[in-house]
>>> print(open('work-v6.cif').read())   # mmCIF, C-alpha atoms
data_data
loop_
_atom_site.label_atom_id
_atom_site.label_comp_id
_atom_site.auth_asym_id
_atom_site.auth_seq_id
_atom_site.Cartn_x
_atom_site.Cartn_y
_atom_site.Cartn_z
CA MET W 1 9.56 -67.29 -15.59
CA SER W 2 9.61 -70.87 -16.80
CA ASP W 3 13.39 -71.09 -17.39
CA LYS W 4 13.08 -73.22 -20.46
CA THR W 5 15.61 -73.14 -23.28
CA LEU W 6 14.45 -73.09 -26.86
CA THR W 7 16.68 -74.60 -29.52
CA ARG W 8 16.72 -74.97 -33.30
CA MET W 9 14.49 -78.01 -32.85
CA ASP W 10 11.73 -75.92 -31.23
CA LEU W 11 11.95 -73.35 -34.02
CA ALA W 12 11.77 -76.13 -36.63
CA GLU W 13 8.75 -77.59 -34.83
CA ALA W 14 7.06 -74.16 -34.91
CA VAL W 15 7.74 -73.83 -38.67
CA HIS W 16 6.40 -77.35 -39.17
CA GLU W 17 3.18 -76.42 -37.33
CA GLU W 18 2.73 -72.97 -38.86
CA VAL W 19 3.60 -73.74 -42.47
CA GLY W 20 2.96 -77.47 -42.69
CA LEU W 21 6.35 -78.43 -44.13
CA SER W 22 7.98 -81.70 -43.02
CA ARG W 23 10.07 -81.54 -39.86
CA ASN W 24 13.15 -82.19 -41.93
CA ASP W 25 12.48 -79.36 -44.40
CA SER W 26 11.49 -77.07 -41.53
CA ALA W 27 14.79 -77.74 -39.79
CA GLN W 28 16.71 -76.98 -42.98
CA LEU W 29 14.86 -73.72 -43.47
CA VAL W 30 15.53 -72.58 -39.90
CA GLU W 31 19.21 -73.33 -40.54
CA SER W 32 19.03 -71.40 -43.79
CA VAL W 33 17.61 -68.31 -42.01
CA LEU W 34 20.45 -68.40 -39.47
CA SER W 35 23.16 -68.93 -42.07
CA HIS W 36 21.96 -66.08 -44.28
CA VAL W 37 22.00 -63.75 -41.28
CA SER W 38 25.48 -65.00 -40.27
CA ASP W 39 26.87 -64.72 -43.81
CA ALA W 40 25.65 -61.13 -44.17
CA LEU W 41 27.28 -60.22 -40.84
CA VAL W 42 30.54 -61.91 -41.81
CA ARG W 43 30.48 -59.78 -45.00
CA GLY W 44 30.27 -56.80 -42.65
CA GLU W 45 26.63 -55.98 -43.38
CA THR W 46 24.15 -54.78 -40.77
CA VAL W 47 21.11 -57.06 -40.52
CA LYS W 48 17.93 -55.21 -39.69
CA ILE W 49 14.85 -57.29 -38.94
CA SER W 50 11.92 -54.93 -38.48
CA SER W 51 10.02 -55.34 -35.19
CA PHE W 52 12.76 -57.78 -34.00
CA GLY W 53 16.04 -55.92 -33.86
CA THR W 54 19.31 -55.01 -35.55
CA PHE W 55 22.54 -57.01 -35.63
CA SER W 56 25.59 -54.95 -36.41
CA VAL W 57 29.30 -55.56 -36.61
CA ARG W 58 31.65 -53.21 -34.78
CA GLU W 59 35.38 -52.89 -35.16
CA LYS W 60 37.28 -52.91 -31.88
CA ALA W 61 40.71 -51.32 -31.77
CA ALA W 62 43.76 -53.10 -30.40
CA ARG W 63 44.46 -52.49 -26.71
CA ILE W 64 46.59 -53.75 -23.89
CA GLY W 65 44.65 -56.10 -21.68
CA ARG W 66 45.65 -57.62 -18.39
CA ASN W 67 45.29 -61.13 -17.09
CA PRO W 68 43.21 -60.43 -13.97
CA LYS W 69 44.70 -63.41 -12.15
CA THR W 70 48.39 -62.80 -12.78
CA GLY W 71 48.35 -59.07 -13.57
CA GLU W 72 50.36 -59.85 -16.68
CA GLU W 73 49.89 -57.53 -19.67
CA VAL W 74 48.64 -59.15 -22.85
CA PRO W 75 48.06 -57.49 -26.20
CA ILE W 76 44.43 -57.70 -27.43
CA HIS W 77 44.35 -57.68 -31.21
CA PRO W 78 41.89 -55.58 -33.18
CA ARG W 79 38.75 -57.62 -33.73
CA ARG W 80 35.19 -57.48 -34.99
CA VAL W 81 32.36 -57.97 -32.54
CA LEU W 82 28.66 -58.42 -33.08
CA THR W 83 26.11 -56.34 -31.23
CA PHE W 84 22.36 -56.85 -31.15
CA ARG W 85 20.02 -53.94 -30.56
CA PRO W 86 16.48 -55.14 -29.81
CA SER W 87 13.58 -53.25 -31.40
CA HIS W 88 11.21 -51.23 -29.23
CA LEU W 89 8.54 -53.83 -29.87
CA MET W 90 10.76 -56.64 -28.58
CA LYS W 91 11.81 -54.58 -25.53
CA ASP W 92 8.17 -53.85 -24.73
CA LYS W 93 7.11 -57.49 -25.10
CA VAL W 94 10.00 -58.76 -22.97
CA ALA W 95 9.39 -56.13 -20.29
CA ALA W 96 5.63 -56.79 -20.21
CA GLY W 97 5.97 -60.59 -20.24
CA ASN W 98 8.43 -60.66 -17.32
CA LYS W 99 6.70 -58.12 -15.10
CA GLY W 100 6.12 -58.88 -11.42
CA MET L 1 20.29 -56.75 -45.15
CA ILE L 2 16.67 -56.27 -44.12
CA ARG L 3 13.87 -58.74 -43.50
CA SER L 4 12.50 -58.60 -47.07
CA GLU L 5 15.97 -59.27 -48.54
CA LEU L 6 16.44 -62.24 -46.25
CA ILE L 7 13.05 -63.59 -47.36
CA GLN L 8 14.00 -63.07 -51.01
CA LYS L 9 17.30 -64.97 -50.65
CA ILE L 10 15.54 -67.94 -49.10
CA ALA L 11 12.77 -67.80 -51.71
CA ASP L 12 15.40 -67.85 -54.49
CA GLU L 13 16.96 -70.99 -53.02
CA ASN L 14 13.59 -72.70 -52.62
CA PRO L 15 11.67 -72.17 -55.87
CA HIS L 16 9.26 -74.96 -54.88
CA LEU L 17 7.90 -72.85 -51.99
CA PHE L 18 5.28 -70.11 -52.26
CA HIS L 19 6.68 -66.68 -51.43
CA ARG L 20 4.08 -66.25 -48.70
CA ASP L 21 5.24 -69.48 -47.06
CA VAL L 22 8.84 -68.25 -47.04
CA GLU L 23 7.58 -65.08 -45.36
CA ARG L 24 5.79 -67.18 -42.75
CA ILE L 25 8.90 -69.29 -42.15
CA VAL L 26 11.12 -66.24 -41.56
CA ASN L 27 8.48 -64.51 -39.44
CA THR L 28 7.92 -67.66 -37.36
CA VAL L 29 11.63 -67.91 -36.53
CA PHE L 30 11.86 -64.32 -35.26
CA ASP L 31 8.42 -64.27 -33.61
CA ARG L 32 9.16 -67.44 -31.63
CA ILE L 33 12.44 -66.02 -30.37
CA THR L 34 10.62 -62.91 -29.12
CA MET L 35 7.78 -65.00 -27.62
CA ALA L 36 10.26 -67.20 -25.77
CA MET L 37 11.96 -64.18 -24.21
CA ALA L 38 8.60 -62.65 -23.32
CA ASN L 39 8.03 -65.92 -21.40
CA GLY L 40 11.34 -65.51 -19.62
CA ASP L 41 12.93 -68.36 -21.59
CA ARG L 42 16.35 -68.54 -23.22
CA VAL L 43 16.89 -69.29 -26.89
CA GLU L 44 20.13 -71.09 -27.61
CA LEU L 45 21.20 -71.38 -31.22
CA ARG L 46 24.59 -73.12 -31.21
CA GLY L 47 27.12 -71.50 -33.49
CA PHE L 48 24.94 -68.42 -33.93
CA GLY L 49 24.29 -67.14 -30.42
CA ALA L 50 21.96 -67.13 -27.45
CA PHE L 51 19.08 -64.79 -26.60
CA SER L 52 18.26 -64.36 -22.94
CA VAL L 53 16.48 -62.00 -20.59
CA LYS L 54 18.41 -59.88 -18.12
CA LYS L 55 16.95 -58.24 -15.06
CA ARG L 56 17.69 -54.58 -14.46
CA ASP L 57 17.22 -53.59 -10.83
CA ALA L 58 15.06 -50.66 -9.82
CA ARG L 59 17.08 -47.47 -9.51
CA THR L 60 16.72 -43.77 -8.98
CA GLY L 61 17.18 -42.12 -12.33
CA ARG L 62 17.38 -38.50 -13.21
CA ASN L 63 15.57 -36.51 -15.82
CA PRO L 64 18.55 -35.22 -17.81
CA ARG L 65 16.70 -32.06 -18.79
CA THR L 66 15.42 -30.94 -15.40
CA GLY L 67 17.80 -32.84 -13.09
CA GLU L 68 14.77 -34.09 -11.19
CA SER L 69 15.02 -37.55 -9.51
CA VAL L 70 12.66 -40.22 -10.77
CA HIS L 71 12.12 -43.76 -9.58
CA VAL L 72 12.79 -46.33 -12.32
CA GLU L 73 11.07 -49.68 -11.74
CA GLU L 74 12.87 -53.01 -12.02
CA LYS L 75 12.63 -54.25 -15.60
CA HIS L 76 13.65 -57.09 -17.89
CA VAL L 77 15.55 -56.52 -21.11
CA PRO L 78 16.48 -58.76 -24.04
CA PHE L 79 20.15 -59.73 -24.35
CA PHE L 80 22.11 -61.45 -27.12
CA LYS L 81 25.46 -63.19 -26.78
CA THR L 82 27.26 -64.10 -29.99
CA GLY L 83 28.08 -67.79 -30.45
CA LYS L 84 31.67 -68.96 -30.66
CA LEU L 85 31.51 -70.08 -34.29
CA LEU L 86 30.06 -66.79 -35.51
CA ARG L 87 32.48 -64.78 -33.36
CA ASP L 88 35.38 -66.72 -34.92
CA ARG L 89 33.98 -66.33 -38.43
CA LEU L 90 33.74 -62.55 -37.95
CA ASN L 91 37.48 -62.62 -37.31
CA ASP L 92 38.36 -64.98 -40.20
CA LYS L 93 39.23 -67.86 -37.93
#
>>> encode(input="work-v6.cif", output="structure tokens")
Amino acid sequence: MSDKTLTRMDLAEAVHEEVGLSRNDSAQLVESVLSHVSDALVRGETVKISSFGTFSVREKAARIGRNPKTGEEVPIHPRRVLTFRPSHLMKDKVAAGNKG
Amino acid sequence: MIRSELIQKIADENPHLFHRDVERIVNTVFDRITMAMANGDRVELRGFGAFSVKKRDARTGRNPRTGESVHVEEKHVPFFKTGKLLRDRLNDK
């Protein structure tokens, strides 16, 4: 494991190399991909990217939580959470790449 | 929304690009995220979320049909944590 962290800049650099657009345009397009995915999720849509994975929005019911430090009860409001389910292909690649 | 719809939306906004280039852009973004995780790297996309690799320890599993014990090797699985901005947007904050 190399313990590197990729950022938007690395993705933009990859688009620049693969497609030959300027770094600036590449960065904007990476941003555009992320915002379209985000916007669809905010609208409550499921986003399914074949061979990558599925992002879906789940509704969580209200419940009584507890502050673990003080033991005090606090209400947790109903909320929407995002879950990501990796595709089999991604799971296989990640498992194979990190073996041993 | 599926991959082809995402490509179409971006193509509509960028009429100066060839459709096949938009496909390559979208594919590059997702392929690089997968490649990074296959390398054991993290991918941090502020506001959106972070992809990382989690280690699952070896364990003794059970075949649910036969009840037989089976050894399950240690393995690494992809993990996604939603970014703060997106989490807030999902809850109209």
>>> residues_around(input="work-v6.cif", residues="Glu31 of chain W", least_positions_apart="5", cutoff="9 Å", atoms="only C-alpha atoms", output="JSON, numbers by chain")
{"W": [8, 12, 26, 36]}
>>> atom_distance(input="work-v6.cif", atom1="atom CA of Ala96 of chain W", atom2="atom CA of Ala38 of chain L")
7.3 Å
>>> closest_atom_pairs(input="work-v6.cif", of="chain L", to="chain W", cutoff="9 Å", atoms="only C-alpha atoms", output="JSON lines")
{"residue": "L:Met1", "atom": "CA", "partner": "W:Val47", "partner_atom": "CA", "distance": 4.7}
{"residue": "L:Ile2", "atom": "CA", "partner": "W:Lys48", "partner_atom": "CA", "distance": 4.7}
{"residue": "L:Arg3", "atom": "CA", "partner": "W:Ile49", "partner_atom": "CA", "distance": 4.9}
{"residue": "L:Ser4", "atom": "CA", "partner": "W:Ile49", "partner_atom": "CA", "distance": 8.6}
{"residue": "L:Leu6", "atom": "CA", "partner": "W:His36", "partner_atom": "CA", "distance": 7.0}
{"residue": "L:Ile7", "atom": "CA", "partner": "W:Val33", "partner_atom": "CA", "distance": 8.5}
{"residue": "L:Lys9", "atom": "CA", "partner": "W:His36", "partner_atom": "CA", "distance": 8.0}
{"residue": "L:Ile10", "atom": "CA", "partner": "W:Ser32", "partner_atom": "CA", "distance": 7.2}
{"residue": "L:Asp21", "atom": "CA", "partner": "W:Val19", "partner_atom": "CA", "distance": 6.5}
{"residue": "L:Val22", "atom": "CA", "partner": "W:Val19", "partner_atom": "CA", "distance": 8.9}
{"residue": "L:Arg24", "atom": "CA", "partner": "W:Val19", "partner_atom": "CA", "distance": 6.9}
{"residue": "L:Ile25", "atom": "CA", "partner": "W:Val15", "partner_atom": "CA", "distance": 5.8}
{"residue": "L:Val26", "atom": "CA", "partner": "W:Val33", "partner_atom": "CA", "distance": 6.8}
{"residue": "L:Thr28", "atom": "CA", "partner": "W:Val15", "partner_atom": "CA", "distance": 6.3}
{"residue": "L:Val29", "atom": "CA", "partner": "W:Leu11", "partner_atom": "CA", "distance": 6.0}
{"residue": "L:Phe30", "atom": "CA", "partner": "W:Phe52", "partner_atom": "CA", "distance": 6.7}
{"residue": "L:Asp31", "atom": "CA", "partner": "W:Phe52", "partner_atom": "CA", "distance": 7.8}
{"residue": "L:Arg32", "atom": "CA", "partner": "W:Leu11", "partner_atom": "CA", "distance": 7.0}
{"residue": "L:Ile33", "atom": "CA", "partner": "W:Leu6", "partner_atom": "CA", "distance": 8.1}
{"residue": "L:Thr34", "atom": "CA", "partner": "W:Met90", "partner_atom": "CA", "distance": 6.3}
{"residue": "L:Met35", "atom": "CA", "partner": "W:Lys93", "partner_atom": "CA", "distance": 7.9}
{"residue": "L:Ala36", "atom": "CA", "partner": "W:Leu6", "partner_atom": "CA", "distance": 7.3}
{"residue": "L:Met37", "atom": "CA", "partner": "W:Val94", "partner_atom": "CA", "distance": 5.9}
{"residue": "L:Ala38", "atom": "CA", "partner": "W:Val94", "partner_atom": "CA", "distance": 4.1}
{"residue": "L:Asn39", "atom": "CA", "partner": "W:Gly97", "partner_atom": "CA", "distance": 5.8}
{"residue": "L:Gly40", "atom": "CA", "partner": "W:Met1", "partner_atom": "CA", "distance": 4.8}
{"residue": "L:Asp41", "atom": "CA", "partner": "W:Lys4", "partner_atom": "CA", "distance": 5.0}
{"residue": "L:Arg42", "atom": "CA", "partner": "W:Thr5", "partner_atom": "CA", "distance": 4.7}
{"residue": "L:Val43", "atom": "CA", "partner": "W:Leu6", "partner_atom": "CA", "distance": 4.5}
{"residue": "L:Glu44", "atom": "CA", "partner": "W:Thr7", "partner_atom": "CA", "distance": 5.3}
{"residue": "L:Leu45", "atom": "CA", "partner": "W:Thr7", "partner_atom": "CA", "distance": 5.8}
{"residue": "L:Arg46", "atom": "CA", "partner": "W:Thr7", "partner_atom": "CA", "distance": 8.2}
{"residue": "L:Phe48", "atom": "CA", "partner": "W:Leu34", "partner_atom": "CA", "distance": 7.1}
{"residue": "L:Val53", "atom": "CA", "partner": "W:Val94", "partner_atom": "CA", "distance": 7.6}
{"residue": "L:Glu74", "atom": "CA", "partner": "W:Lys99", "partner_atom": "CA", "distance": 8.6}
{"residue": "L:Lys75", "atom": "CA", "partner": "W:Ala95", "partner_atom": "CA", "distance": 6.0}
{"residue": "L:His76", "atom": "CA", "partner": "W:Ala95", "partner_atom": "CA", "distance": 5.0}
{"residue": "L:Val77", "atom": "CA", "partner": "W:Lys91", "partner_atom": "CA", "distance": 6.1}
{"residue": "L:Pro78", "atom": "CA", "partner": "W:Lys91", "partner_atom": "CA", "distance": 6.4}
{"residue": "L:Phe79", "atom": "CA", "partner": "W:Phe84", "partner_atom": "CA", "distance": 7.7}
{"residue": "L:Phe80", "atom": "CA", "partner": "W:Phe84", "partner_atom": "CA", "distance": 6.1}
{"residue": "L:Lys81", "atom": "CA", "partner": "W:Thr83", "partner_atom": "CA", "distance": 8.2}
{"residue": "L:Thr82", "atom": "CA", "partner": "W:Leu82", "partner_atom": "CA", "distance": 6.6}
{"residue": "L:Leu86", "atom": "CA", "partner": "W:Ser38", "partner_atom": "CA", "distance": 6.8}
{"residue": "L:Arg87", "atom": "CA", "partner": "W:Val81", "partner_atom": "CA", "distance": 6.9}
{"residue": "L:Arg89", "atom": "CA", "partner": "W:Val42", "partner_atom": "CA", "distance": 6.5}
{"residue": "L:Leu90", "atom": "CA", "partner": "W:Val42", "partner_atom": "CA", "distance": 5.1}
{"residue": "L:Asn91", "atom": "CA", "partner": "W:Arg80", "partner_atom": "CA", "distance": 6.1}
{"residue": "L:Asp92", "atom": "CA", "partner": "W:Val42", "partner_atom": "CA", "distance": 8.6}
>>> atom_distance(input="work-v6.cif", atom1="atom CA of Leu85 of chain L", atom2="atom CA of Ala62 of chain W")
21.3 Å
>>> atom_distance(input="work-v6.cif", atom1="atom CA of Lys60 of chain W", atom2="atom CA of Ile76 of chain W")
9.7 Å
>>> residues_near_point(input="work-v6.cif", point="(15.3, -44.6, -11.2)", cutoff="8 Å", atoms="only C-alpha atoms", output="PyMOL selection string")
chain L and resi 58-62+69-73
>>> residues_around(input="work-v6.cif", residues="Val74 of chain W", least_positions_apart="4", cutoff="7 Å", atoms="all atoms listed in the file", output="NGL selection string")
:W and (64-67)
>>> decode(input="work-v6.cif", residues="segment 7-23 of chain L", atoms="N, CA, C and O atoms", output="short mmCIF file (atom, residue, chain, number, x, y, z; two decimals), in the first residue's frame")
data_model
loop_
_atom_site.label_atom_id
_atom_site.label_comp_id
_atom_site.auth_asym_id
_atom_site.auth_seq_id
_atom_site.Cartn_x
_atom_site.Cartn_y
_atom_site.Cartn_z
N ILE L 7 -23.36 11.05 -18.69
CA ILE L 7 -22.58 11.45 -19.87
C ILE L 7 -23.40 12.41 -20.74
O ILE L 7 -22.91 13.44 -21.18
N GLN L 8 -24.67 12.09 -20.93
CA GLN L 8 -25.53 12.92 -21.76
C GLN L 8 -25.68 14.33 -21.18
O GLN L 8 -25.61 15.32 -21.91
N LYS L 9 -25.86 14.44 -19.87
CA LYS L 9 -26.01 15.76 -19.24
C LYS L 9 -24.76 16.60 -19.47
O LYS L 9 -24.85 17.79 -19.76
N ILE L 10 -23.60 15.98 -19.31
CA ILE L 10 -22.36 16.73 -19.48
C ILE L 10 -22.14 17.08 -20.95
O ILE L 10 -21.69 18.17 -21.28
N ALA L 11 -22.53 16.17 -21.84
CA ALA L 11 -22.43 16.45 -23.27
C ALA L 11 -23.32 17.64 -23.64
O ALA L 11 -22.92 18.52 -24.40
N ASP L 12 -24.53 17.67 -23.09
CA ASP L 12 -25.46 18.77 -23.38
C ASP L 12 -24.89 20.13 -22.96
O ASP L 12 -25.12 21.14 -23.62
N GLU L 13 -24.16 20.13 -21.85
CA GLU L 13 -23.59 21.38 -21.35
C GLU L 13 -22.32 21.78 -22.09
O GLU L 13 -21.83 22.89 -21.91
N ASN L 14 -21.75 20.83 -22.82
CA ASN L 14 -20.47 21.10 -23.50
C ASN L 14 -20.56 20.74 -24.99
O ASN L 14 -19.90 19.81 -25.44
N PRO L 15 -21.39 21.50 -25.73
CA PRO L 15 -21.62 21.15 -27.14
C PRO L 15 -20.34 21.19 -28.00
O PRO L 15 -20.32 20.62 -29.08
N HIS L 16 -19.30 21.83 -27.49
CA HIS L 16 -18.04 21.91 -28.25
C HIS L 16 -17.22 20.61 -28.14
O HIS L 16 -16.24 20.45 -28.85
N LEU L 17 -17.63 19.69 -27.24
CA LEU L 17 -16.87 18.44 -27.09
C LEU L 17 -17.53 17.30 -27.88
O LEU L 17 -18.75 17.25 -27.98
N PHE L 18 -16.70 16.41 -28.40
CA PHE L 18 -17.23 15.20 -29.03
C PHE L 18 -17.83 14.32 -27.95
O PHE L 18 -17.31 14.26 -26.83
N HIS L 19 -18.92 13.63 -28.31
CA HIS L 19 -19.58 12.74 -27.35
C HIS L 19 -18.60 11.71 -26.81
O HIS L 19 -18.56 11.41 -25.63
N ARG L 20 -17.75 11.17 -27.69
CA ARG L 20 -16.81 10.14 -27.24
C ARG L 20 -15.80 10.69 -26.24
O ARG L 20 -15.32 9.97 -25.37
N ASP L 21 -15.48 11.99 -26.35
CA ASP L 21 -14.57 12.58 -25.37
C ASP L 21 -15.25 12.73 -24.01
O ASP L 21 -14.63 12.52 -22.97
N VAL L 22 -16.54 13.07 -24.04
CA VAL L 22 -17.27 13.18 -22.77
C VAL L 22 -17.31 11.80 -22.11
O VAL L 22 -17.11 11.67 -20.90
N GLU L 23 -17.53 10.77 -22.92
CA GLU L 23 -17.51 9.40 -22.37
C GLU L 23 -16.16 9.11 -21.72
O GLU L 23 -16.09 8.55 -20.63
#
